[in-house]
file protein_25.tsv (TSV, C-alpha atoms)
chain	number	residue	atom	x	y	z
C	20	MET	CA	26.76	14.75	7.99
C	21	ALA	CA	24.99	17.63	9.76
C	22	ALA	CA	21.98	17.17	7.47
C	23	LEU	CA	21.71	13.52	8.55
C	24	THR	CA	21.45	14.43	12.24
C	25	ASN	CA	18.33	16.48	11.52
C	26	LEU	CA	16.50	13.60	9.83
C	27	SER	CA	13.89	11.63	11.71
C	28	ILE	CA	12.53	8.16	11.17
C	29	PRO	CA	8.77	7.75	11.52
C	30	GLY	CA	8.06	6.07	14.85
C	31	LEU	CA	11.66	6.55	16.01
C	32	PRO	CA	12.16	10.25	16.64
C	33	GLY	CA	15.61	11.31	17.67
C	34	VAL	CA	17.34	8.05	16.70
C	35	LEU	CA	19.85	9.48	14.27
C	36	PRO	CA	21.26	12.11	16.64
C	37	LYS	CA	22.06	9.27	19.05
C	38	LEU	CA	23.67	7.22	16.28
C	39	LEU	CA	25.57	10.16	14.83
C	40	PRO	CA	26.85	12.35	17.70
C	41	ARG	CA	26.63	16.01	16.83
C	42	ASN	CA	29.72	17.44	18.45
C	43	PRO	CA	33.34	16.45	19.06
C	44	ASP	CA	32.88	16.27	22.86
C	45	GLN	CA	30.05	13.78	22.48
C	46	ARG	CA	32.07	11.72	20.00
C	47	ARG	CA	35.04	11.68	22.40
C	48	ALA	CA	32.80	10.64	25.31
C	49	ASP	CA	31.23	7.86	23.21
C	50	ALA	CA	34.67	6.63	22.13
C	51	TYR	CA	35.89	6.66	25.75
C	52	ARG	CA	32.86	4.63	26.94
C	53	GLN	CA	33.38	2.12	24.11
C	54	LEU	CA	37.06	1.75	24.98
C	55	LEU	CA	36.22	1.32	28.67
C	56	ARG	CA	33.67	-1.40	27.82
C	57	GLN	CA	36.26	-3.25	25.73
C	58	GLU	CA	38.90	-2.97	28.47
C	59	ALA	CA	36.38	-4.16	31.11
C	60	LYS	CA	35.50	-7.21	29.04
C	61	MET	CA	39.18	-8.02	28.43
C	62	GLY	CA	39.91	-7.49	32.14
C	63	GLY	CA	37.15	-9.90	33.15
C	64	GLN	CA	38.77	-12.61	31.04
C	65	LEU	CA	42.07	-12.34	32.94
C	66	PHE	CA	40.70	-14.59	35.66
C	67	GLY	CA	39.89	-17.59	33.52
C	68	THR	CA	36.83	-18.83	31.69
C	69	ILE	CA	33.65	-16.93	32.45
C	70	PRO	CA	30.88	-19.44	33.23
C	71	ALA	CA	27.76	-19.46	31.08
C	72	GLY	CA	25.20	-17.01	32.40
C	73	HIS	CA	27.90	-14.87	34.06
C	74	ARG	CA	29.24	-11.47	33.17
C	75	ARG	CA	32.55	-10.40	34.65
C	76	GLU	CA	34.37	-7.11	34.22
C	77	PHE	CA	37.60	-5.72	35.64
C	78	PHE	CA	38.93	-2.34	34.63
C	79	CYS	CA	40.78	0.80	35.61
C	80	LEU	CA	38.22	3.59	35.97
C	81	ASP	CA	40.72	6.37	36.67
C	82	GLU	CA	44.22	6.79	38.08
C	83	HIS	CA	43.06	5.79	41.58
C	84	THR	CA	40.15	3.39	41.02
C	85	TRP	CA	39.85	-0.22	39.87
C	86	VAL	CA	36.47	-1.88	39.43
C	87	TRP	CA	35.50	-5.56	39.64
C	88	HIS	CA	31.92	-6.31	38.54
C	89	GLU	CA	30.24	-9.68	38.26
C	90	GLU	CA	26.66	-10.66	37.41
C	91	TRP	CA	25.10	-14.14	37.38
C	92	VAL	CA	21.87	-16.04	37.72
C	93	ASP	CA	21.75	-18.68	40.46
C	94	GLY	CA	20.13	-22.10	40.32
C	95	ARG	CA	16.78	-20.63	41.38
C	96	GLY	CA	16.78	-18.05	38.59
C	97	GLN	CA	17.68	-15.14	40.90
C	98	ASN	CA	19.85	-12.38	39.43
C	99	HIS	CA	22.92	-11.35	41.41
C	100	ALA	CA	25.38	-8.53	40.89
C	101	VAL	CA	28.42	-7.50	42.89
C	102	THR	CA	30.53	-4.44	42.18
C	103	THR	CA	33.70	-3.78	44.14
C	104	HIS	CA	35.63	-0.53	43.84
C	105	TYR	CA	39.29	-0.60	44.83
C	106	VAL	CA	40.58	2.88	45.66
C	107	VAL	CA	44.36	3.30	45.63
C	108	ARG	CA	45.53	5.75	48.29
C	109	PRO	CA	49.06	6.80	49.27
C	110	ASN	CA	48.80	4.74	52.46
C	111	GLY	CA	47.12	1.63	51.00
C	112	VAL	CA	44.17	0.30	49.02
C	113	LEU	CA	40.57	0.45	50.22
C	114	LYS	CA	37.64	-1.49	48.84
C	115	THR	CA	33.94	-0.77	48.93
C	116	ARG	CA	30.91	-2.56	47.61
C	117	GLY	CA	28.60	0.43	47.41
C	118	ASP	CA	27.45	0.32	51.03
C	119	GLY	CA	29.80	3.14	52.04
C	120	ASN	CA	31.89	0.74	54.12
C	121	HIS	CA	35.56	1.01	53.15
C	122	GLN	CA	37.81	-1.88	54.12
C	123	PRO	CA	41.57	-2.09	53.72
C	124	VAL	CA	42.84	-4.57	51.15
C	125	VAL	CA	45.66	-6.65	52.63
C	126	GLY	CA	47.53	-9.91	52.27
C	127	GLU	CA	46.62	-12.29	49.47
C	128	GLU	CA	43.79	-10.08	48.18
C	129	LEU	CA	46.23	-7.17	47.79
C	130	ARG	CA	48.75	-9.39	45.98
C	131	ASN	CA	46.01	-10.70	43.68
C	132	LEU	CA	44.81	-7.17	42.92
C	133	TYR	CA	48.37	-6.04	42.18
C	134	ASN	CA	48.98	-9.00	39.87
C	135	ALA	CA	45.62	-8.50	38.11
C	136	ALA	CA	46.32	-4.78	37.57
C	137	LYS	CA	49.78	-5.58	36.23
C	138	LEU	CA	48.43	-8.22	33.81
C	139	TYR	CA	45.59	-5.88	32.79
C	140	ARG	CA	48.06	-3.12	31.97
C	141	GLN	CA	50.25	-5.49	29.93
C	142	ASN	CA	47.23	-6.69	27.94
C	143	VAL	CA	45.92	-3.18	27.29
C	144	GLU	CA	49.37	-2.03	26.17
C	145	ALA	CA	49.69	-5.06	23.87
C	146	GLN	CA	46.28	-4.37	22.34
C	147	LEU	CA	47.15	-0.70	21.80
C	148	ALA	CA	50.47	-1.66	20.20
C	149	SER	CA	48.71	-4.06	17.82
C	150	LEU	CA	46.30	-1.30	16.80
C	151	GLN	CA	49.19	1.04	16.04
C	152	ALA	CA	51.09	-1.55	13.99
call {"tool": "encode", "arguments": {"input": "protein_25.tsv", "output": "structure tokens"}}
result
Amino acid sequence: MAALTNLSIPGLPGVLPKLLPRNPDQRRADAYRQLLRQEAKMGGQLFGTIPAGHRREFFCLDEHTWVWHEEWVDGRGQNHAVTTHYVVRPNGVLKTRGDGNHQPVVGEELRNLYNAAKLYRQNVEAQLASLQA
């Protein structure tokens, strides 16, 4: 395997090292990113059918952060993207959309976030269980 990472393809230098990570840390990081992408895709589907031309993701980034991301093209062909980070704190949940403005999450939005996180966790656990079976 090590000999393969030193090969080059004419016109595509350095391709094989990217395809075949050289060290265990890089392989672990690649596997983590792939798992996160799969979880984000699954999480985006929790909220119903994703319209054509849309991309929706919902995932747990770390023990305190949930991310909602949506991209779409409007009727005029303009690209739009919205990313909301929900940060779980001991005294409540805050959300930010990248502008540095943190707002408390309350009421129906908080209930919806709780229910989405609960359903997300159940789906991830079910997928992991099916992989182990």
call {"tool": "atom_distance", "arguments": {"input": "protein_25.tsv", "atom1": "atom CA of C:Glu144", "atom2": "atom CA of C:Gln53"}}
result
16.6 Å
call {"tool": "residues_around", "arguments": {"input": "protein_25.tsv", "residues": "stretch 112-116 of chain C", "least_positions_apart": "6", "cutoff": "9 Å", "atoms": "all atoms listed in the file", "output": "list in words"}}
result
Val101, Thr102, Thr103, His104, Tyr105, Val106, Gln122, Pro123, Val124, Val125 and Leu129 of chain C
call {"tool": "write_last_selection", "arguments": {"input": "protein_25.tsv", "atoms": "C-alpha atoms", "output": "PDB file, in the frame of the given file"}}
result
ATOM      1  CA  VAL C 101      28.420  -7.500  42.890  1.00  0.00           C
ATOM      2  CA  THR C 102      30.530  -4.440  42.180  1.00  0.00           C
ATOM      3  CA  THR C 103      33.700  -3.780  44.140  1.00  0.00           C
ATOM      4  CA  HIS C 104      35.630  -0.530  43.840  1.00  0.00           C
ATOM      5  CA  TYR C 105      39.290  -0.600  44.830  1.00  0.00           C
ATOM      6  CA  VAL C 106      40.580   2.880  45.660  1.00  0.00           C
ATOM      7  CA  GLN C 122      37.810  -1.880  54.120  1.00  0.00           C
ATOM      8  CA  PRO C 123      41.570  -2.090  53.720  1.00  0.00           C
ATOM      9  CA  VAL C 124      42.840  -4.570  51.150  1.00  0.00           C
ATOM     10  CA  VAL C 125      45.660  -6.650  52.630  1.00  0.00           C
ATOM     11  CA  LEU C 129      46.230  -7.170  47.790  1.00  0.00           C
TER      12      LEU C 129
END
call {"tool": "closest_residue", "arguments": {"input": "protein_25.tsv", "among": "C:Ala50, C:Ala145, C:Leu132, C:Leu150", "to": "C:Trp85", "atoms": "all atoms listed in the file"}}
result
C:Leu132
call {"tool": "atom_distance", "arguments": {"input": "protein_25.tsv", "atom1": "atom CA of C:Ala135", "atom2": "atom CA of C:Phe66"}}
result
8.2 Å
call {"tool": "residues_around", "arguments": {"input": "protein_25.tsv", "residues": "C:Leu65", "least_positions_apart": "5", "cutoff": "9 Å", "atoms": "all atoms listed in the file", "output": "list in words"}}
result
Phe77, Ala135, Leu138 and Tyr139 of chain C
call {"tool": "closest_residue", "arguments": {"input": "protein_25.tsv", "among": "C:Asp81, C:Glu128, C:Glu89, C:Asp118", "to": "C:Gln64", "atoms": "only C-alpha atoms"}}
result
C:Glu89
call {"tool": "closest_residue", "arguments": {"input": "protein_25.tsv", "among": "C:Glu58, C:Glu82, C:Asp49, C:Asp93", "to": "C:Pro70", "atoms": "all atoms listed in the file"}}
result
C:Asp93
call {"tool": "atom_distance", "arguments": {"input": "protein_25.tsv", "atom1": "atom CA of C:Gly111", "atom2": "atom CA of C:Arg140"}}
result
19.6 Å
call {"tool": "axis_aligned_box", "arguments": {"input": "protein_25.tsv", "around": "stretch 109-123 of chain C", "padding_each_side": "5 Å", "output": "AutoDock Vina command-line options"}}
result
--center_x 38.3 --center_y 2.1 --center_z 50.8 --size_x 31.6 --size_y 19.4 --size_z 16.7
call {"tool": "closest_residue", "arguments": {"input": "protein_25.tsv", "among": "C:His73, C:Gln45, C:Gly126, C:Phe78", "to": "C:Asn98", "atoms": "only C-alpha atoms"}}
result
C:His73
